Amino acid sequence: MTDNKEVRVRFAPSPTGALHIGGGHTALFNWLWARHNNGKFILRIEDTDLVRSTKEYEETIMSGMKWLGLEWDEGPDIGGNFGPYRQSERLEIYRDYANKLVNEGKAYKDGEAIIFKVEHGQDISFKDIVYGQIDVMSDGLKEKDSDKLKDIVIIKSDGMPTYNYAVVIDDHLMNITHVIRGEDHISNTPKQILIYRALGWEVPEFAHLPMILGRDKKKLSKRHGATSIYEYRDMGYMPDSMFNFLALLGWSAGDDKEIFDREEAANLFELSRVTKKAAVFDFDKLNHINQEHLKRLDPSVRLSMIKPFWIEAGLPVDSHSDKFLADSLTLMAGRGQTAKEMAEFSDYFVSFEPVKKRWNSDDLDKEKLKEFFTAIFGSPEWKAEKLEDIARDFVASHEGAKMKEYAMPLRFALTGMKVSPGIFEVAELLGKEECEKRVKYFGLM
RNA sequence: GGUCUCAUCGUCUAGUGGCCAAGGACACAGCCCUUUCAAGGCUGCGGCGCGGGUUCGAAUCCCGCUGAGACCGCCA
């Protein structure tokens with residue numbers, strides 16, 4: 001890394017499913033390293049599994065990456081100088097090099113397939129940027145439950161290249177300088193090194209990333225619930241939060257900074273600081289990070305994050321100004337950890353209907369409250385401070401009265417909830433007319 | 001079974017031989033604030049897997065053990 005060769009990294013998913021957490025994590029670290037070094041981030045689609053690969057998944061993966069903010073510099077959709085970027089379009093290339101290996105006696109045909117020969121006694125150790133020195137001898141590449149050395153299939157009977165072979169050809173031809181991928185690929189690396197050598201190519205740098213585990217410390221899978229990045233969007237997590245959270249799985253800046261944006265992360269990122277231990281995906285932490293980002297959002301941006309969830313709940317967002325809606329969310333500050341929660345907790349700003357549904361007046365002393373509400377609505381100015389002053393005066397002038405005895409019913413009537421921001425502020429924002437309508441509807445005045 | 005890897009609070013982590021009677025964050029508990037709930041502030045709980053070395057000195061280096069994981073496919 002002392003040379004000043006441009007850093008080129010790639011994310012190479014196979015389109016056999018949506019972008020999942022593990023894939024997003026890998027893509028993210030590649031992106032980080034590219035941006036940190038002012039290098040290039042390449043997207044390559046590994047669609048050599050004819051049966052499982054689909055165009056739809058390829059598109060989902062790409063939009064998932066875009067959602068996370070991981071834009072690539074070269075890829076199947078935008079091209080580049082090292083294409084094509086879809087393995088199914090590079091078949092002749094794989095074929096040519098495979099034939100070359102056959103001609104040189106380094107591989108042999110077996111029916112339609114081509115197999116790479118593995119010789120005994122070869123040192124196929126390598127130095128990983130994250131894991132350090134990894135020592136392996138070719139004699140270890142045995143068949144399961146046998147002493148027989150296993151040769152490597154490079155071209156399958158259907159004419160498609162295998163993963164371990166295609167990845168070498170592509171990474172070399174695309175000038176990839178750093179191969180950054182999941183730790184589950186460490187065992188594949190020595191095999192790939194064998195192929196690099198047979199072709200006389202320089203081996204790139206390798207950096208393997210720790211796995212992401214579920215709560216039970218098992219590899220993250222569907223059993224653990226949401227695995228697709230999109231499911232998190234639908235649950236109300238924001239892309240900036242997912243980015244931040246994922247970046248913290250296996251990496252830290254070294255100081256105590258834990259909430260950051262993409263640019264800050266790219267500046268601070270170092271492969272040498274990546275952790276070796278598999279990390280457990282912790283929802284509590286994700287929630288916290290999401291909440292922090294939610295708090296920091298610009299009001300108009302925050303509104304754009306929440307709106308879809310109000311709409312989904314069938315609330316009439318169009319009957320309000322964006323200013324009003326954004327102000328109501330500002331008032332919600334700190335309440336709710338996801339966009340979805342925040343939308344649920346603030347529905348009464350958008351509509352009176354959910355309030356009616358929640359209403360339950362069983363234990364209210366309506367006569368006592370009428371006097372209070374009359375005083376409140378007698379306020380010359382509909383301002384939170386004024387309303388609160390009136391409420392306090394009212395409480396002070398009534399023997400044994402407590403603020404909560406009046407504030408809570410007001411909260412119930414206005415929001416239908418036991419919990420809300422300061423109720424006088426809510427009242428101010430809702431406006432006198434709307435408040436009066438709600439209170440009268442419930443017969444409290 | 002073979003090969004490889006990993007091991008600091010429940011979780012994410014800081015820590016690369018002395019500054020560590022191990023720091024931060026999340027979670028949890030308590031207190032303060034308060035019309036409620038959050039937010040915020042403060043306090044607390046809680047960890048170097050075990051055993052041997054090396055060293056004046058080890059969470060940090062070495063060995064063994066134990067535990068966990070990955071890979072061993074004409075899947076990627």
# chains A, B, ... in the order shown; residues from 1 in each chain; ligands from 1

$ interface_residues --of "chain B" --to "chain A" --cutoff "9 Å" --atoms "only C-alpha atoms (C1' of nucleotides)" --output "count of residues only"
28

$ select_by_dssp --residues "region 20-246 of chain A" --states "alpha helix (DSSP H)" --output "PyMOL selection string"
chain A and resi 21-36+55-68+91-103+163-173+189-199+229-235+239-246

$ select_by_dssp --residues "region 158-305 of chain A" --states "strand (DSSP E or B)" --output "ChimeraX atom specification"
/A:161,178-182,205-209,212-213,219,228,279-280

$ residues_around --residues "U55 (chain B)" --least-positions-apart "6" --cutoff "12 Å" --atoms "only C-alpha atoms (C1' of nucleotides)" --output "PyMOL selection string"
chain B and resi 17-18+61-62

$ closest_residue --among "A:Arg95, A:His398, A:His178, A:Lys323" --to "Asn30 (chain A)" --atoms "only C-alpha atoms"
A:His178

$ decode --residues "region 11-25 of chain B" --atoms "all heavy atoms" --output "short mmCIF file (atom, residue, chain, number, x, y, z; two decimals), in the first residue's frame"
data_model
loop_
_atom_site.label_atom_id
_atom_site.label_comp_id
_atom_site.auth_asym_id
_atom_site.auth_seq_id
_atom_site.Cartn_x
_atom_site.Cartn_y
_atom_site.Cartn_z
P U B 11 -22.55 -11.10 25.35
OP1 U B 11 -22.34 -12.27 24.49
OP2 U B 11 -21.42 -10.52 26.10
"O5'" U B 11 -23.20 -9.94 24.48
"C5'" U B 11 -24.20 -10.23 23.50
"C4'" U B 11 -24.53 -8.97 22.74
"O4'" U B 11 -25.14 -8.01 23.65
"C3'" U B 11 -23.32 -8.23 22.21
"O3'" U B 11 -22.86 -8.78 20.98
"C2'" U B 11 -23.88 -6.83 22.03
"O2'" U B 11 -24.74 -6.74 20.93
"C1'" U B 11 -24.70 -6.70 23.31
N1 U B 11 -23.91 -6.16 24.42
C2 U B 11 -23.65 -4.80 24.42
O2 U B 11 -24.04 -4.06 23.54
N3 U B 11 -22.91 -4.35 25.47
C4 U B 11 -22.40 -5.09 26.51
O4 U B 11 -21.75 -4.53 27.40
C5 U B 11 -22.70 -6.50 26.44
C6 U B 11 -23.42 -6.97 25.42
P C B 12 -21.36 -8.62 20.54
OP1 C B 12 -21.14 -9.44 19.35
OP2 C B 12 -20.48 -8.78 21.72
"O5'" C B 12 -21.32 -7.09 20.11
"C5'" C B 12 -22.06 -6.64 18.98
"C4'" C B 12 -21.77 -5.18 18.75
"O4'" C B 12 -22.24 -4.40 19.88
"C3'" C B 12 -20.28 -4.85 18.68
"O3'" C B 12 -19.78 -5.12 17.39
"C2'" C B 12 -20.30 -3.37 19.02
"O2'" C B 12 -20.71 -2.58 17.93
"C1'" C B 12 -21.35 -3.31 20.12
N1 C B 12 -20.77 -3.48 21.46
C2 C B 12 -20.24 -2.34 22.11
O2 C B 12 -20.28 -1.25 21.52
N3 C B 12 -19.71 -2.46 23.34
C4 C B 12 -19.68 -3.66 23.94
N4 C B 12 -19.14 -3.74 25.16
C5 C B 12 -20.20 -4.83 23.31
C6 C B 12 -20.74 -4.69 22.07
P U B 13 -18.23 -5.46 17.23
OP1 U B 13 -17.96 -5.52 15.79
OP2 U B 13 -17.87 -6.58 18.10
"O5'" U B 13 -17.58 -4.11 17.77
"C5'" U B 13 -16.34 -4.10 18.44
"C4'" U B 13 -16.22 -2.77 19.14
"O4'" U B 13 -17.13 -2.74 20.26
"C3'" U B 13 -14.86 -2.50 19.75
"O3'" U B 13 -14.00 -1.96 18.75
"C2'" U B 13 -15.20 -1.46 20.80
"O2'" U B 13 -15.39 -0.18 20.25
"C1'" U B 13 -16.55 -1.98 21.32
N1 U B 13 -16.42 -2.85 22.51
C2 U B 13 -16.02 -2.24 23.68
O2 U B 13 -15.77 -1.05 23.74
N3 U B 13 -15.91 -3.07 24.76
C4 U B 13 -16.16 -4.43 24.79
O4 U B 13 -16.01 -5.04 25.85
C5 U B 13 -16.57 -4.98 23.53
C6 U B 13 -16.69 -4.20 22.46
P A B 14 -12.45 -2.20 18.88
OP1 A B 14 -11.85 -1.70 17.63
OP2 A B 14 -12.18 -3.58 19.32
"O5'" A B 14 -12.07 -1.19 20.05
"C5'" A B 14 -12.25 0.21 19.84
"C4'" A B 14 -11.67 0.97 21.00
"O4'" A B 14 -12.44 0.73 22.20
"C3'" A B 14 -10.26 0.60 21.41
"O3'" A B 14 -9.32 1.22 20.56
"C2'" A B 14 -10.19 1.20 22.80
"O2'" A B 14 -9.95 2.59 22.76
"C1'" A B 14 -11.61 0.97 23.32
N9 A B 14 -11.69 -0.15 24.25
C8 A B 14 -12.20 -1.40 24.06
N7 A B 14 -12.13 -2.18 25.12
C5 A B 14 -11.53 -1.37 26.07
C6 A B 14 -11.17 -1.59 27.43
N6 A B 14 -11.38 -2.73 28.05
N1 A B 14 -10.58 -0.58 28.09
C2 A B 14 -10.36 0.57 27.45
N3 A B 14 -10.65 0.90 26.19
C4 A B 14 -11.25 -0.12 25.55
P G B 15 -8.11 0.41 19.95
OP1 G B 15 -7.34 1.33 19.12
OP2 G B 15 -8.61 -0.86 19.38
"O5'" G B 15 -7.24 0.06 21.23
"C5'" G B 15 -6.81 1.11 22.11
"C4'" G B 15 -6.53 0.46 23.45
"O4'" G B 15 -7.68 -0.29 23.84
"C3'" G B 15 -5.36 -0.51 23.36
"O3'" G B 15 -4.21 0.07 23.97
"C2'" G B 15 -5.79 -1.71 24.17
"O2'" G B 15 -5.07 -1.89 25.33
"C1'" G B 15 -7.23 -1.37 24.60
N9 G B 15 -8.08 -2.55 24.45
C8 G B 15 -8.60 -3.13 23.31
N7 G B 15 -9.21 -4.27 23.55
C5 G B 15 -9.11 -4.44 24.91
C6 G B 15 -9.56 -5.49 25.76
O6 G B 15 -10.16 -6.53 25.45
N1 G B 15 -9.26 -5.27 27.09
C2 G B 15 -8.57 -4.16 27.54
N2 G B 15 -8.37 -4.13 28.86
N3 G B 15 -8.13 -3.17 26.79
C4 G B 15 -8.43 -3.38 25.49
P U B 16 -2.81 0.07 23.47
OP1 U B 16 -1.99 0.36 24.66
OP2 U B 16 -2.76 0.92 22.27
"O5'" U B 16 -2.56 -1.42 23.02
"C5'" U B 16 -1.64 -2.21 23.74
"C4'" U B 16 -0.96 -3.09 22.76
"O4'" U B 16 -1.85 -3.38 21.66
"C3'" U B 16 0.23 -2.46 22.06
"O3'" U B 16 1.31 -2.57 22.99
"C2'" U B 16 0.39 -3.34 20.82
"O2'" U B 16 0.99 -4.57 21.08
"C1'" U B 16 -1.07 -3.61 20.48
N1 U B 16 -1.58 -2.78 19.38
C2 U B 16 -1.32 -3.24 18.10
O2 U B 16 -0.69 -4.26 17.88
N3 U B 16 -1.84 -2.48 17.08
C4 U B 16 -2.57 -1.33 17.22
O4 U B 16 -2.99 -0.76 16.21
C5 U B 16 -2.78 -0.91 18.58
C6 U B 16 -2.28 -1.63 19.58
P G B 17 2.68 -3.07 22.86
OP1 G B 17 3.72 -2.07 22.70
OP2 G B 17 2.46 -4.11 21.90
"O5'" G B 17 2.85 -3.68 24.34
"C5'" G B 17 1.72 -3.81 25.23
"C4'" G B 17 2.23 -3.82 26.60
"O4'" G B 17 2.84 -5.11 26.83
"C3'" G B 17 3.35 -2.80 26.87
"O3'" G B 17 2.93 -1.52 27.23
"C2'" G B 17 4.25 -3.50 27.92
"O2'" G B 17 3.94 -3.09 29.25
"C1'" G B 17 3.82 -4.96 27.83
N9 G B 17 4.88 -5.92 27.70
C8 G B 17 5.79 -6.11 26.72
N7 G B 17 6.61 -7.09 26.96
C5 G B 17 6.21 -7.58 28.20
C6 G B 17 6.71 -8.64 29.00
O6 G B 17 7.65 -9.39 28.76
N1 G B 17 6.00 -8.77 30.19
C2 G B 17 4.94 -7.99 30.58
N2 G B 17 4.40 -8.24 31.74
N3 G B 17 4.47 -7.00 29.84
C4 G B 17 5.14 -6.86 28.67
P G B 18 2.02 -0.73 27.86
OP1 G B 18 0.61 -0.53 27.49
OP2 G B 18 2.95 0.35 27.72
"O5'" G B 18 2.07 -1.29 29.37
"C5'" G B 18 0.98 -1.17 30.27
"C4'" G B 18 1.58 -0.92 31.65
"O4'" G B 18 2.98 -1.15 31.58
"C3'" G B 18 1.37 0.49 32.16
"O3'" G B 18 0.44 0.38 33.21
"C2'" G B 18 2.74 0.93 32.71
"O2'" G B 18 2.64 1.05 34.16
"C1'" G B 18 3.62 -0.27 32.48
N9 G B 18 4.99 -0.20 32.05
C8 G B 18 5.58 0.38 30.98
N7 G B 18 6.85 0.06 30.82
C5 G B 18 7.11 -0.78 31.89
C6 G B 18 8.29 -1.46 32.28
O6 G B 18 9.37 -1.53 31.71
N1 G B 18 8.11 -2.17 33.45
C2 G B 18 6.93 -2.24 34.15
N2 G B 18 6.94 -2.98 35.24
N3 G B 18 5.81 -1.63 33.79
C4 G B 18 5.98 -0.92 32.67
P C B 19 -0.89 0.72 33.40
OP1 C B 19 -1.32 0.48 34.79
OP2 C B 19 -1.55 0.02 32.29
"O5'" C B 19 -0.94 2.29 33.11
"C5'" C B 19 -0.89 3.21 34.22
"C4'" C B 19 -1.24 4.55 33.72
"O4'" C B 19 -0.27 4.93 32.73
"C3'" C B 19 -2.56 4.60 32.94
"O3'" C B 19 -3.63 4.77 33.87
"C2'" C B 19 -2.38 5.84 32.10
"O2'" C B 19 -2.70 7.01 32.80
"C1'" C B 19 -0.88 5.80 31.80
N1 C B 19 -0.57 5.36 30.44
C2 C B 19 -0.71 6.30 29.41
O2 C B 19 -1.09 7.44 29.68
N3 C B 19 -0.41 5.92 28.14
C4 C B 19 0.00 4.67 27.89
N4 C B 19 0.29 4.35 26.63
C5 C B 19 0.14 3.70 28.93
C6 C B 19 -0.15 4.08 30.19
P C B 20 -5.08 4.49 33.44
OP1 C B 20 -4.96 4.33 32.00
OP2 C B 20 -5.83 5.61 34.06
"O5'" C B 20 -5.72 3.18 34.00
"C5'" C B 20 -5.31 2.51 35.17
"C4'" C B 20 -5.68 1.04 35.02
"O4'" C B 20 -6.40 0.90 33.79
"C3'" C B 20 -4.47 0.12 34.95
"O3'" C B 20 -4.42 -0.75 36.09
"C2'" C B 20 -4.67 -0.72 33.69
"O2'" C B 20 -4.68 -2.10 33.98
"C1'" C B 20 -6.05 -0.33 33.18
N1 C B 20 -6.20 -0.20 31.72
C2 C B 20 -6.58 -1.37 31.04
O2 C B 20 -6.71 -2.44 31.67
N3 C B 20 -6.81 -1.30 29.72
C4 C B 20 -6.67 -0.13 29.08
N4 C B 20 -6.93 -0.10 27.78
C5 C B 20 -6.28 1.06 29.75
C6 C B 20 -6.05 0.97 31.06
P A B 21 -4.79 -0.27 37.46
OP1 A B 21 -4.95 1.17 37.48
OP2 A B 21 -3.92 -0.92 38.48
"O5'" A B 21 -6.30 -0.86 37.48
"C5'" A B 21 -6.51 -2.21 37.71
"C4'" A B 21 -7.40 -2.34 38.91
"O4'" A B 21 -6.77 -1.68 40.03
"C3'" A B 21 -8.73 -1.59 38.80
"O3'" A B 21 -9.69 -2.42 38.18
"C2'" A B 21 -9.11 -1.36 40.25
"O2'" A B 21 -9.76 -2.47 40.80
"C1'" A B 21 -7.74 -1.20 40.92
N9 A B 21 -7.46 0.18 41.28
C8 A B 21 -6.70 1.10 40.63
N7 A B 21 -6.65 2.27 41.23
C5 A B 21 -7.43 2.10 42.35
C6 A B 21 -7.78 2.96 43.41
N6 A B 21 -7.35 4.23 43.50
N1 A B 21 -8.57 2.48 44.38
C2 A B 21 -8.99 1.22 44.28
N3 A B 21 -8.73 0.30 43.35
C4 A B 21 -7.94 0.81 42.41
P A B 22 -10.78 -1.86 37.17
OP1 A B 22 -11.17 -0.51 37.61
OP2 A B 22 -11.79 -2.91 37.02
"O5'" A B 22 -10.01 -1.75 35.78
"C5'" A B 22 -9.61 -0.47 35.25
"C4'" A B 22 -9.71 -0.50 33.76
"O4'" A B 22 -9.13 -1.74 33.28
"C3'" A B 22 -11.14 -0.50 33.21
"O3'" A B 22 -11.61 0.80 33.05
"C2'" A B 22 -10.95 -1.18 31.87
"O2'" A B 22 -10.41 -0.30 30.91
"C1'" A B 22 -9.92 -2.24 32.21
N9 A B 22 -10.50 -3.51 32.64
C8 A B 22 -10.54 -4.05 33.91
N7 A B 22 -11.12 -5.22 33.97
C5 A B 22 -11.49 -5.47 32.66
C6 A B 22 -12.14 -6.54 32.05
N6 A B 22 -12.55 -7.63 32.72
N1 A B 22 -12.36 -6.48 30.73
C2 A B 22 -11.95 -5.40 30.06
N3 A B 22 -11.32 -4.33 30.51
C4 A B 22 -11.12 -4.43 31.83
P G B 23 -12.85 1.32 33.84
OP1 G B 23 -12.34 1.91 35.07
OP2 G B 23 -13.85 0.23 33.88
"O5'" G B 23 -13.38 2.48 32.90
"C5'" G B 23 -12.63 3.68 32.76
"C4'" G B 23 -12.75 4.19 31.34
"O4'" G B 23 -11.99 3.33 30.45
"C3'" G B 23 -14.16 4.13 30.76
"O3'" G B 23 -14.97 5.20 31.20
"C2'" G B 23 -13.86 4.17 29.27
"O2'" G B 23 -13.49 5.46 28.86
"C1'" G B 23 -12.66 3.22 29.20
N9 G B 23 -13.13 1.85 29.03
C8 G B 23 -13.18 0.83 29.96
N7 G B 23 -13.70 -0.27 29.48
C5 G B 23 -14.02 0.03 28.16
C6 G B 23 -14.60 -0.77 27.15
O6 G B 23 -14.97 -1.95 27.22
N1 G B 23 -14.76 -0.06 25.95
C2 G B 23 -14.39 1.24 25.78
N2 G B 23 -14.62 1.76 24.57
N3 G B 23 -13.83 2.01 26.71
C4 G B 23 -13.67 1.33 27.86
P G B 24 -16.54 5.00 31.34
OP1 G B 24 -17.07 6.12 32.14
OP2 G B 24 -16.79 3.60 31.78
"O5'" G B 24 -17.03 5.14 29.84
"C5'" G B 24 -16.79 6.34 29.12
"C4'" G B 24 -17.16 6.15 27.67
"O4'" G B 24 -16.37 5.08 27.10
"C3'" G B 24 -18.59 5.73 27.41
"O3'" G B 24 -19.48 6.82 27.44
"C2'" G B 24 -18.46 5.17 26.00
"O2'" G B 24 -18.35 6.19 25.04
"C1'" G B 24 -17.14 4.42 26.10
N9 G B 24 -17.32 3.02 26.50
C8 G B 24 -17.06 2.44 27.71
N7 G B 24 -17.34 1.16 27.74
C5 G B 24 -17.82 0.88 26.48
C6 G B 24 -18.28 -0.35 25.92
O6 G B 24 -18.35 -1.45 26.45
N1 G B 24 -18.68 -0.18 24.59
C2 G B 24 -18.65 1.01 23.90
N2 G B 24 -19.08 0.97 22.64
N3 G B 24 -18.21 2.16 24.40
C4 G B 24 -17.81 2.02 25.69
P A B 25 -21.00 6.57 27.84
OP1 A B 25 -21.65 7.90 27.90
OP2 A B 25 -21.06 5.66 29.00
"O5'" A B 25 -21.56 5.78 26.58
"C5'" A B 25 -21.68 6.44 25.32
"C4'" A B 25 -22.24 5.46 24.32
"O4'" A B 25 -21.30 4.38 24.13
"C3'" A B 25 -23.52 4.76 24.76
"O3'" A B 25 -24.67 5.54 24.54
"C2'" A B 25 -23.49 3.52 23.86
"O2'" A B 25 -23.87 3.84 22.54
"C1'" A B 25 -22.01 3.17 23.90
N9 A B 25 -21.72 2.23 24.99
C8 A B 25 -21.17 2.49 26.22
N7 A B 25 -21.06 1.42 26.97
C5 A B 25 -21.57 0.40 26.20
C6 A B 25 -21.74 -0.98 26.42
N6 A B 25 -21.39 -1.60 27.55
N1 A B 25 -22.29 -1.72 25.43
C2 A B 25 -22.65 -1.10 24.29
N3 A B 25 -22.54 0.18 23.96
C4 A B 25 -21.98 0.89 24.96
#
